[in-house]
Each structure stands twice: as structure tokens, then as C-alpha cells.
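For reference, entry_20.cif (mmCIF, C-alpha atoms (C1' of nucleotides)):
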data_coords
#
loop_
_atom_site.label_atom_id
_atom_site.label_comp_id
_atom_site.auth_asym_id
_atom_site.auth_seq_id
_atom_site.Cartn_x
_atom_site.Cartn_y
_atom_site.Cartn_z
CA MET E 1 55.76 13.47 -25.50
CA LYS E 2 58.69 11.24 -24.65
CA ILE E 3 62.11 12.86 -24.23
CA SER E 4 65.32 11.04 -23.36
CA THR E 5 68.91 11.98 -22.49
CA TRP E 6 71.88 9.64 -22.77
CA ASN E 7 75.65 9.99 -22.41
CA VAL E 8 76.70 7.34 -24.93
CA ASN E 9 80.51 7.48 -24.45
CA SER E 10 81.34 7.39 -28.19
CA VAL E 11 78.48 7.55 -30.68
CA ARG E 12 80.37 5.40 -33.18
CA VAL E 13 81.02 2.52 -30.79
CA ARG E 14 77.50 2.81 -29.33
CA MET E 15 75.49 2.97 -32.58
CA PRO E 16 74.08 -0.57 -32.18
CA HIS E 17 72.83 0.34 -28.70
CA VAL E 18 71.46 3.69 -29.87
CA LYS E 19 69.53 1.93 -32.63
CA ASP E 20 68.19 -0.67 -30.21
CA PHE E 21 67.18 2.03 -27.75
CA ILE E 22 65.29 3.93 -30.45
CA GLU E 23 63.56 0.75 -31.65
CA LYS E 24 62.43 -0.13 -28.13
CA GLN E 25 61.62 3.33 -26.75
CA SER E 26 61.00 5.49 -29.82
CA PRO E 27 61.54 8.80 -28.01
CA ASP E 28 60.16 11.92 -29.70
CA VAL E 29 63.33 13.78 -28.74
CA LEU E 30 66.69 12.22 -27.86
CA LEU E 31 69.55 14.20 -26.33
CA LEU E 32 73.01 12.66 -26.67
CA GLN E 33 76.29 13.54 -25.00
CA GLU E 34 79.92 12.46 -25.24
CA LEU E 35 79.83 11.69 -28.94
CA LYS E 36 83.65 11.60 -29.03
CA ALA E 37 83.74 12.37 -32.75
CA GLN E 38 84.33 15.36 -34.96
CA ASP E 39 81.49 16.47 -37.23
CA LYS E 40 82.62 14.50 -40.27
CA ASP E 41 82.78 11.25 -38.27
CA ILE E 42 79.32 11.46 -36.70
CA PRO E 43 76.99 8.88 -38.33
CA ALA E 44 74.46 11.58 -39.23
CA THR E 45 72.70 9.84 -42.11
CA GLU E 46 72.36 6.65 -40.09
CA LEU E 47 70.69 8.58 -37.26
CA GLU E 48 68.43 10.55 -39.59
CA ASP E 49 67.36 7.33 -41.27
CA LEU E 50 65.93 6.21 -37.92
CA GLY E 51 63.28 8.87 -38.37
CA TYR E 52 64.80 11.99 -36.85
CA ASN E 53 65.85 15.51 -37.59
CA LEU E 54 69.37 15.87 -36.27
CA ILE E 55 71.60 18.67 -35.03
CA PHE E 56 74.96 18.18 -33.38
CA LYS E 57 78.20 19.81 -32.32
CA GLY E 58 81.15 17.48 -32.62
CA GLN E 59 84.74 17.71 -31.43
CA LYS E 60 87.79 15.59 -32.08
CA ALA E 61 88.22 12.84 -29.45
CA TYR E 62 86.27 14.53 -26.64
CA ASN E 63 82.81 15.81 -25.71
CA GLY E 64 80.25 16.31 -28.48
CA VAL E 65 76.48 16.78 -28.10
CA ALA E 66 73.43 16.16 -30.29
CA ILE E 67 69.65 16.53 -30.44
CA LEU E 68 67.44 14.16 -32.41
CA SER E 69 63.80 15.13 -32.94
CA LYS E 70 60.82 13.63 -34.73
CA TYR E 71 59.49 17.20 -34.98
CA PRO E 72 60.99 20.10 -36.92
CA ILE E 73 63.93 21.90 -35.31
CA SER E 74 64.69 25.64 -35.38
CA ASP E 75 66.49 28.41 -33.47
CA ILE E 76 69.72 26.50 -32.81
CA ILE E 77 72.37 27.59 -30.29
CA THR E 78 75.62 25.64 -29.93
CA ASN E 79 77.69 27.66 -27.50
CA LEU E 80 77.34 29.33 -24.13
CA TYR E 81 80.46 31.40 -24.76
CA ASN E 82 81.05 34.12 -27.31
CA VAL E 83 81.78 32.74 -30.73
CA GLY E 84 85.28 31.29 -30.80
CA ASP E 85 85.80 31.51 -27.05
CA ASP E 86 84.89 27.95 -26.05
CA GLU E 87 86.03 25.20 -28.31
CA GLN E 88 84.60 22.43 -26.15
CA ALA E 89 81.44 20.94 -27.66
CA ARG E 90 79.28 20.71 -24.56
CA TYR E 91 76.06 22.58 -25.31
CA ILE E 92 73.40 22.49 -28.00
CA GLU E 93 69.92 23.95 -27.80
CA CYS E 94 66.96 24.37 -30.13
CA TRP E 95 63.27 24.96 -30.42
CA ILE E 96 61.15 21.85 -31.09
CA ASN E 97 58.13 22.59 -33.27
CA ALA E 98 55.79 20.01 -31.79
CA LYS E 99 52.26 19.64 -33.12
CA ASN E 100 50.24 21.58 -30.57
CA SER E 101 52.80 23.28 -28.40
CA GLY E 102 56.47 23.83 -29.03
CA PHE E 103 59.20 23.80 -26.45
CA ARG E 104 62.87 24.60 -26.03
CA VAL E 105 65.33 21.81 -25.26
CA ALA E 106 69.07 21.67 -24.54
CA SER E 107 71.54 18.78 -24.54
CA ILE E 108 74.17 19.47 -21.89
CA TYR E 109 77.53 17.87 -21.18
CA LEU E 110 78.77 19.73 -18.13
CA PRO E 111 82.52 19.55 -17.45
CA ASN E 112 83.64 16.84 -15.04
CA GLY E 113 86.03 19.13 -13.17
CA ASN E 114 88.37 16.54 -11.67
CA PRO E 115 90.77 16.76 -10.07
CA ILE E 116 89.71 19.55 -7.73
CA ASN E 117 92.22 22.33 -7.03
CA THR E 118 93.14 22.48 -10.71
CA ASP E 119 92.11 24.63 -13.65
CA LYS E 120 89.73 21.84 -14.66
CA PHE E 121 87.65 22.48 -11.57
CA SER E 122 87.76 26.24 -12.14
CA TYR E 123 86.58 25.63 -15.69
CA LYS E 124 83.67 23.56 -14.42
CA LEU E 125 82.51 26.38 -12.14
CA GLU E 126 83.04 28.99 -14.86
CA TRP E 127 81.05 26.88 -17.31
CA MET E 128 78.25 26.49 -14.80
CA THR E 129 78.10 30.27 -14.39
CA LYS E 130 77.75 30.62 -18.16
CA LEU E 131 75.00 28.01 -18.13
CA ARG E 132 73.20 29.70 -15.26
CA ASN E 133 73.28 33.09 -16.98
CA HIS E 134 72.00 31.62 -20.23
CA VAL E 135 69.15 29.52 -18.83
CA GLU E 136 68.05 32.48 -16.72
CA LYS E 137 67.33 34.33 -19.95
CA LEU E 138 65.39 31.37 -21.32
CA LEU E 139 62.89 31.62 -18.47
CA GLN E 140 62.08 35.23 -19.32
CA ASN E 141 60.20 34.09 -22.43
CA GLU E 142 57.85 31.95 -20.32
CA GLU E 143 58.29 29.06 -22.72
CA MET E 144 58.50 25.41 -21.78
CA VAL E 145 62.22 24.77 -21.30
CA ILE E 146 63.73 21.31 -20.90
CA LEU E 147 67.41 21.07 -19.94
CA GLY E 148 68.68 17.50 -20.17
CA GLY E 149 72.07 15.89 -20.00
CA ASP E 150 75.08 14.75 -18.05
CA PHE E 151 75.40 17.48 -15.42
CA ASN E 152 78.31 15.77 -13.62
CA ILE E 153 76.76 16.81 -10.31
CA CYS E 154 75.38 14.72 -7.47
CA PRO E 155 72.89 17.25 -6.11
CA GLU E 156 72.83 15.64 -2.65
CA ASP E 157 74.62 12.93 -0.68
CA ARG E 158 71.79 10.49 -1.37
CA ASP E 159 72.56 10.77 -5.08
CA ALA E 160 75.61 8.53 -4.65
CA ALA E 161 75.80 4.91 -3.50
CA ASN E 162 78.92 5.69 -1.47
CA PRO E 163 78.94 9.39 -0.53
CA GLU E 164 82.05 9.11 1.65
CA SER E 165 84.15 7.96 -1.30
CA MET E 166 83.06 11.08 -3.20
CA ARG E 167 84.14 13.76 -0.73
CA ASN E 168 87.11 14.91 -2.80
CA ASP E 169 85.35 14.50 -6.15
CA ALA E 170 84.42 17.50 -8.27
CA LEU E 171 80.89 16.10 -8.66
CA PHE E 172 80.38 16.39 -4.92
CA GLN E 173 82.00 19.70 -3.99
CA PRO E 174 79.90 22.30 -2.15
CA GLU E 175 80.84 24.84 -4.85
CA SER E 176 79.58 22.55 -7.64
CA ARG E 177 76.37 21.82 -5.80
CA ALA E 178 75.85 25.50 -5.01
CA LYS E 179 76.08 26.34 -8.71
CA PHE E 180 73.58 23.58 -9.48
CA ARG E 181 71.23 24.97 -6.83
CA GLU E 182 71.59 28.43 -8.35
CA ILE E 183 70.01 27.04 -11.50
CA ILE E 184 67.28 25.30 -9.50
CA ASN E 185 66.60 28.53 -7.63
CA LEU E 186 66.05 30.40 -10.87
CA GLY E 187 62.91 28.28 -11.21
CA TYR E 188 64.01 24.97 -12.73
CA TYR E 189 62.81 21.68 -11.26
CA ASP E 190 64.84 18.48 -10.98
CA ALA E 191 62.39 16.14 -12.71
CA TRP E 192 63.46 13.13 -10.68
CA ARG E 193 62.96 14.86 -7.33
CA SER E 194 59.69 16.37 -8.48
CA LEU E 195 58.19 12.90 -8.75
CA HIS E 196 60.34 10.95 -6.27
CA SER E 197 60.88 12.78 -2.99
CA GLU E 198 62.48 9.76 -1.30
CA LYS E 199 63.33 7.11 -3.90
CA THR E 200 66.94 6.91 -5.02
CA ASN E 201 68.30 5.68 -8.32
CA TRP E 202 71.48 5.86 -10.38
CA SER E 203 72.11 6.96 -13.96
CA TYR E 204 75.86 6.18 -14.03
CA TRP E 205 77.90 3.19 -12.91
CA ASP E 206 81.68 2.99 -13.31
CA TYR E 207 82.98 0.30 -15.63
CA GLY E 208 84.03 -2.85 -13.84
CA ARG E 209 81.81 -4.31 -11.12
CA ALA E 210 79.88 -1.18 -10.18
CA PHE E 211 76.75 -2.07 -12.17
CA GLU E 212 76.42 -5.62 -10.87
CA GLN E 213 76.87 -4.25 -7.35
CA ASN E 214 74.49 -1.38 -8.18
CA LYS E 215 76.91 1.22 -6.84
CA GLY E 216 76.32 4.28 -8.95
CA LEU E 217 75.61 7.98 -9.11
CA ARG E 218 72.64 10.10 -10.14
CA ILE E 219 74.28 12.71 -12.35
CA ASP E 220 72.16 12.69 -15.54
CA HIS E 221 69.30 15.09 -15.00
CA PHE E 222 66.30 16.79 -16.52
CA LEU E 223 65.71 20.33 -15.27
CA LEU E 224 62.29 21.65 -16.23
CA SER E 225 60.84 25.15 -16.34
CA PRO E 226 57.63 25.69 -14.34
CA SER E 227 55.33 25.23 -17.34
CA ALA E 228 57.21 22.05 -18.33
CA VAL E 229 57.19 20.45 -14.87
CA ASP E 230 53.45 21.08 -14.75
CA LYS E 231 53.19 18.64 -17.67
CA LEU E 232 55.58 16.04 -16.25
CA ASN E 233 53.98 12.61 -16.12
CA SER E 234 56.84 10.17 -15.42
CA ILE E 235 60.59 9.68 -15.28
CA GLU E 236 62.50 6.44 -15.53
CA ILE E 237 66.09 5.28 -15.90
CA ASP E 238 66.59 2.62 -18.57
CA THR E 239 69.01 0.24 -16.83
CA TYR E 240 68.50 -2.34 -19.58
CA HIS E 241 70.82 -0.48 -21.94
CA ARG E 242 73.45 -0.34 -19.20
CA SER E 243 73.25 -4.13 -18.76
CA LEU E 244 74.18 -5.06 -22.34
CA GLU E 245 77.62 -6.06 -23.63
CA LYS E 246 79.91 -3.10 -24.37
CA PRO E 247 77.58 -0.54 -22.78
CA SER E 248 78.01 3.14 -22.13
CA ASP E 249 78.79 3.78 -18.47
CA HIS E 250 75.59 5.89 -18.37
CA ALA E 251 71.97 4.76 -18.74
CA PRO E 252 69.33 6.70 -20.68
CA VAL E 253 66.91 8.79 -18.62
CA ILE E 254 63.39 9.09 -20.03
CA ILE E 255 60.65 11.58 -19.19
CA LYS E 256 57.08 11.70 -20.44
CA LEU E 257 55.17 14.96 -20.62
CA ASN E 258 51.45 15.42 -21.12
CA ILE E 259 51.79 17.43 -24.31
"C1'" DA S 260 90.40 2.11 -4.88
"C1'" DT S 261 92.15 6.17 -8.96
"C1'" DG S 262 92.39 4.45 -13.51
"C1'" DC S 263 92.60 -2.31 -12.24
"C1'" DC S 264 87.76 0.12 -17.30
"C1'" DG S 265 86.85 2.00 -21.79
"C1'" DG S 266 87.45 5.19 -25.77
"C1'" DG S 267 90.29 8.26 -28.98
"C1'" DC S 268 94.38 9.01 -31.25
"C1'" DG S 269 97.53 6.97 -33.96
"C1'" DA S 270 100.40 3.35 -34.04
"C1'" DA S 271 103.00 3.21 -28.12
"C1'" DG S 272 101.60 5.24 -24.56
"C1'" DC S 273 99.11 9.12 -22.97
"C1'" DC S 274 94.85 11.99 -22.30
"C1'" DC S 275 90.31 11.89 -20.61
"C1'" DG S 276 86.29 10.34 -18.07
"C1'" DA S 277 83.58 10.43 -12.73
#
Just give me the structure of the file as C-alpha cells.
Amino acid sequence: MKISTWNVNSVRVRMPHVKDFIEKQSPDVLLLQELKAQDKDIPATELEDLGYNLIFKGQKAYNGVAILSKYPISDIITNLYNVGDDEQARYIECWINAKNSGFRVASIYLPNGNPINTDKFSYKLEWMTKLRNHVEKLLQNEEMVILGGDFNICPEDRDAANPESMRNDALFQPESRAKFREIINLGYYDAWRSLHSEKTNWSYWDYGRAFEQNKGLRIDHFLLSPSAVDKLNSIEIDTYHRSLEKPSDHAPVIIKLNI
DNA sequence: ATGCCGGGCGAAGCCCGA
């Protein structure tokens, strides 16, 4: 089972890259973030024609998340808040009816939170509390749970090429990291760290010269429930699709599970 | 280094990202 997450920074602009990625990697499940399109402007038929069932939550200009699956989809959730409370399209979750064993998967676009000392940072922390409370409930069912997406958190200093330049960044604040650890401490495993205790790698590079200088951040994560991490076989970051012309500023992250 | 990128919106310049 191959599952990938990718912040595409506009699904309409990135469609050629998304198609190329699917042709080359053919993931069973693909989680997308930052669609930057309202529902009616999302190229749904085009994506479905690539061989996927599709669910999404769009929003005008900002955010937007989707799940593509080769297997049937059910039990969809599109909001961590009460209905009508959160208009930002940052969360979508479903059950994947895979052949032998199903699993739950979420596509997450966690708020950036910059600049700190503003309501944007407060919103980030509030949103993370909502996420924590929700994913805690998911563990109670003892299902395989796979949380993937752009978490906008560097879990540790070694998850940035230049930690000192990040000290005042919302992605690096002790409060942000503490909230992230709260989720880990519920019993979720950072897939990258589960397989690579020392090795560092980036999933995001700022536009400009950051990619050629390989100065990036590791902020796109897979968090796996105990029964899911038991099946984890590999994780890789697809830098090829960051190297193309007109790329997203994020690279796809790909995990393989023995299911 | 904070927006010098890049994208959306809407038709110029501002909001947002990390």
C-alpha cells in the first residue's frame, strides 16, 4: 500500500505535475493540500479520470484539501469544528475500504500561524487543540489511522537547515512543538523518525535559491497509529517533483505499508 | 533576509504562505 501527501500550492496550476506524479508513482492513496480553489473550480473529473475516487473540501483563494483513493471511500469528515464554526478548509478524513484491511486516513493542512504574537498564532494553537482532541478519539477504535499532510511544524531543531533563522517563526515555537508532541504522546508515530533516527531531510524549500542550496524544512509529516506503524515499510521524499519548472514549494512524501 | 518568490483575486495592489 503506497500512500502519499503533497502540498501542491494551487491544484489548478499544478495539475501537470500532479498527473506526472501519479503516472510515475501511482500511489494507492494521495492526500493533497493547499488546493487554492473553491469546489466548483477543482478539476475533479480530471483527477477521477486518473483512476481515483475523490473527495475534497475547497475554499476560495486559500487552503483546500483532498483525498484521492484507488479503493472505495466512506465515512467522510471535513471539519474539526462544529458545523459552520470553521470556514477554513484544512481537514478531510475518510475510511479507505482496502481489499484485505481498511484504514482511516486524513489530509491535514495545519495553519501556518505567522507572525507570532498575533491572532494567527493563537488560531494555529487552537486548531491544533481541535486536531489533538479529534485524533485522540480515532485511536479509541483501535483502527489503523494515518494522518498525513502539511503540519507546518518543525518537530525539532534538526528539522530545519538553518534553525537559528527560525527562532521567531511560528513553525518553531515551543508552544507549537508542544502541541505536536501532545499528538505524538497520544500514541502516534512520526513515520520519518520511526525509520530514520539520525538522517535528516526536507519536504519544503522556499521559492528562490533554497532548493538548489538544499536549505529546507521538514514540515510535511505522516503520523501513524500503533497498528499502522507496525506495517510501515519505507518513507521517501520525492525531490524530483520539486526540481521541475514551476514546482510547488513542497515535495511529495511517500510511505509504503505492508498491507 | 521577510516577501527579493509564487498564487489568487480581479484588474492594481494587497493578502497569504513558511
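Between atom CA of E:Gly208 and atom CA of E:Asn7 the separation is 17.6 Å.
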Shell around stretch 265-275 of chain S at 12 Å using all atoms listed in the file, local window under 6 positions removed, as a PyMOL selection string
chain E and resi 8-14+34-38+59-63+111-115+120+206-208+246-249
Spatial neighbours of S:DA277, max dist 12 Å, only C-alpha atoms (C1' of nucleotides), sep filter under 4 positions, as a compact mmCIF listing (two decimals) with C-alpha atoms (C1' of nucleotides), keeping the file's coordinate frame:
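And here's part36.txt as it stands now:
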# COMPACT_ATOMS: atom_id res chain seq x y z
CA LEU E 110 78.77 19.73 -18.13
CA PRO E 111 82.52 19.55 -17.45
CA ASN E 112 83.64 16.84 -15.04
CA GLY E 113 86.03 19.13 -13.17
CA ASN E 114 88.37 16.54 -11.67
CA PRO E 115 90.77 16.76 -10.07
CA ASP E 150 75.08 14.75 -18.05
CA PHE E 151 75.40 17.48 -15.42
CA ASN E 152 78.31 15.77 -13.62
CA ILE E 153 76.76 16.81 -10.31
CA CYS E 154 75.38 14.72 -7.47
CA ALA E 160 75.61 8.53 -4.65
CA SER E 165 84.15 7.96 -1.30
CA MET E 166 83.06 11.08 -3.20
CA ASN E 168 87.11 14.91 -2.80
CA ASP E 169 85.35 14.50 -6.15
CA ALA E 170 84.42 17.50 -8.27
CA LEU E 171 80.89 16.10 -8.66
CA PHE E 172 80.38 16.39 -4.92
CA TYR E 204 75.86 6.18 -14.03
CA TRP E 205 77.90 3.19 -12.91
CA ASP E 206 81.68 2.99 -13.31
CA TYR E 207 82.98 0.30 -15.63
CA GLY E 216 76.32 4.28 -8.95
CA LEU E 217 75.61 7.98 -9.11
CA ARG E 218 72.64 10.10 -10.14
CA ILE E 219 74.28 12.71 -12.35
CA ASP E 220 72.16 12.69 -15.54
CA ASP E 249 78.79 3.78 -18.47
CA HIS E 250 75.59 5.89 -18.37
C1' DT S 261 92.15 6.17 -8.96
C1' DG S 262 92.39 4.45 -13.51
Within 12 Å of (69.8, 27.9, -38.8), in the coordinates the file gives, what residues turn up when you count only C-alpha atoms (C1' of nucleotides), written out as a ChimeraX atom specification?
/E:55,72-78,93-95
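A straight line drawn from atom CA of E:Tyr240 to atom CA of E:Trp202 is 12.7 Å long.
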Please evaluate the PyMOL selection byres ((chain E and resi 200) around 9) against the displayed coordinates and give the resulting residues as a list in words.
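When the PyMOL selection byres ((chain E and resi 200) around 9) is applied, the selected residues are Arg158, Asp159, Ala160, His196, Ser197, Glu198, Lys199, Asn201, Trp202 and Arg218 of chain E.
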Could you turn the residues from that selection into a file that holds C-alpha atoms, as a CSV table (one decimal), keeping the file's coordinate frame?
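This went into part-v1.csv:
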chain,number,residue,atom,x,y,z
E,158,ARG,CA,71.8,10.5,-1.4
E,159,ASP,CA,72.6,10.8,-5.1
E,160,ALA,CA,75.6,8.5,-4.6
E,196,HIS,CA,60.3,11.0,-6.3
E,197,SER,CA,60.9,12.8,-3.0
E,198,GLU,CA,62.5,9.8,-1.3
E,199,LYS,CA,63.3,7.1,-3.9
E,201,ASN,CA,68.3,5.7,-8.3
E,202,TRP,CA,71.5,5.9,-10.4
E,218,ARG,CA,72.6,10.1,-10.1
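Note that atom CA of E:Ile259 and atom CA of E:Ser101 are 7.2 Å apart.
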Which is closest to E:Ala98 among E:Val229, E:Ile184, E:Leu138, E:Val29, if we use only C-alpha atoms?
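Selected residue with least distance to E:Ala98: E:Val29.
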Please determine an axis-aligned box that encloses all atoms of stretch 140-153 of chain E listed in the file, with 3 Å added on each side, and express its centre and edge lengths in Å to one decimal as AutoDock Vina command-line options.
--center_x 68.1 --center_y 25.0 --center_z -16.5 --size_x 26.5 --size_y 26.5 --size_z 18.4
Can you list, as a PyMOL selection string, the residues that the PyMOL selection byres ((chain E and resi 237) around 6) selects here?
chain E and resi 236+238-239+252-253
Run the PyMOL selection byres ((chain E and resi 19) around 12) against the file shown and list the residues it catches, as a ChimeraX atom specification.
/E:8,11-18,20-27,30,43,46-52,241
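With all atoms listed in the file as the basis for measurement, E:Arg209 is the residue among E:Ile42, E:Pro155, E:Leu80, E:Arg209 that approaches chain S most closely.
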Could you tell me which of E:Glu156, E:Leu224, E:Leu257, E:Ala210 comes closest to chain S if we count all atoms listed in the file?
E:Ala210
